[in-house]
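> Mind looking over this structure? Questions follow.
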Amino acid sequence: MLLKGYLEKLIKIINEETEMCEVTNKQLMEVIMKLKFSLCKYIIVFLFCVNICTGCSGNKTEVVKKNPETTDVPGKMTKFNSDGIFIINKSNSLSDGDVGKLSKEIKDLFYKNWGNSSKIENFTMKFYNEREEDGKLKADVRVKCNWTYTQKPEERPLIIGMKQELEKLKDKKLKKTGRKIIHGFNLEYSDFYMVTKKYNEDLEIHFNTNQVSDNYEILCYKYKDENGSELCQFDKYQESDEDMMAKGRKVFKQYLQDELQYKE
């Protein structure tokens, strides 16, 4: 608006000066009139462009308001490295110090759960989708890393449990069938042994208030049945070796029974 006022004053001055001049040179007056016409034309074009740009900005803001999930919604996002973890913080409530502390705890839980059987490295963690639900502040965490299984197939607790059940068999034919079952599992696990793959894990941070505090839970999605999964505490996600051996015995008996029914 200030620029528009200056331009209007400029036109007014040119008009006044032109009227005060004696018409002594027809060509000079024609040049002045052309100058006035060109100046007016540029002013009109300039104001038209300003109106278009202002309109575009208003439309973009309106789109963002109507679509809060769009990726270009203004908000905080920082990227940094902490404790060997590449961290992306898109949460407005969680400071970089908060997500740095949470990232280290999550990394330590990965090592606690699987560090004895796997090599886990090159962590990336993204904190996003901050929200308030049921009076609690919540945020999602997408964990990415490189995962290498370093435990030999025959050392897996599941396989050890199968072998324990195999030893109980007396019938030679049953034992032969049992060995084939275990061999099949060994072959399957051999495909993962010492092979590095990209791994993703989706977690959730639940604070027990609507603000950031030291009172929180780190949760993960655990397979429940064919209908879906359920949230559980991440530090209790991994089953113990004893539980896995018990599962191995149960799986072995089920496979053996299915195999015998198939042969019959």
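Just remember, in the structure tokens the first chain shown is A, the second B, etc., residues are 1-based per chain, and ligands are 1-based in the order shown.
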Determine which residues of region 169-236 of chain A DSSP labels as alpha helix (DSSP H) from the backbone of this structure, then write them out as a list of chain:residue names.

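Everything in region 169-236 of chain A that counts as alpha helix (DSSP H) is A:Lys172, A:Lys173, A:Leu174, A:Lys175, A:Lys176, A:Thr177, A:Gly178, A:Arg179, A:Lys180, A:Ile181, A:Ile182, A:His183, A:Gly184, A:Phe185, A:Asn186, A:Leu187, A:Glu188, A:Tyr189, A:Ser190.
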
> One decimal, Å: what's the distance from CA of Asn89 (chain A) over to CA of Leu137 (chain A), could you say?

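Between these atoms lies a distance of 15.5 Å.
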
> Within 12 Å of Gly135 (chain A), counting only C-alpha atoms, which residues show up once you throw out same-chain ones fewer than 5 positions away? Write them as a compact mmCIF listing (two decimals) with N, CA and C atoms, in the first residue's frame, please.


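Printed below is around.txt as written:
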# COMPACT_ATOMS: atom_id res chain seq x y z
N HIS A 206 3.90 -43.36 25.44
CA HIS A 206 2.71 -42.89 26.15
C HIS A 206 3.13 -42.26 27.47
N PHE A 207 2.93 -40.95 27.58
CA PHE A 207 3.13 -40.28 28.87
C PHE A 207 1.84 -40.39 29.67
N ASN A 208 1.95 -40.56 30.96
CA ASN A 208 0.76 -40.75 31.79
C ASN A 208 0.07 -39.45 32.16
N THR A 209 0.54 -38.33 31.59
CA THR A 209 -0.14 -37.04 31.70
C THR A 209 -0.20 -36.44 30.30
N ASN A 210 -0.79 -35.26 30.20
CA ASN A 210 -0.87 -34.61 28.89
C ASN A 210 0.37 -33.76 28.60
N GLN A 211 1.41 -33.94 29.39
CA GLN A 211 2.66 -33.22 29.19
C GLN A 211 3.84 -34.18 29.28

> Excluding region 226-235 of chain A and any residue of its chain fewer than 2 positions from it, enumerate the residues within 9 Å of it, using only C-alpha atoms, and give them as a PyMOL selection string.

chain A and resi 106+109-110+112-113+203-204+217-224+237-238
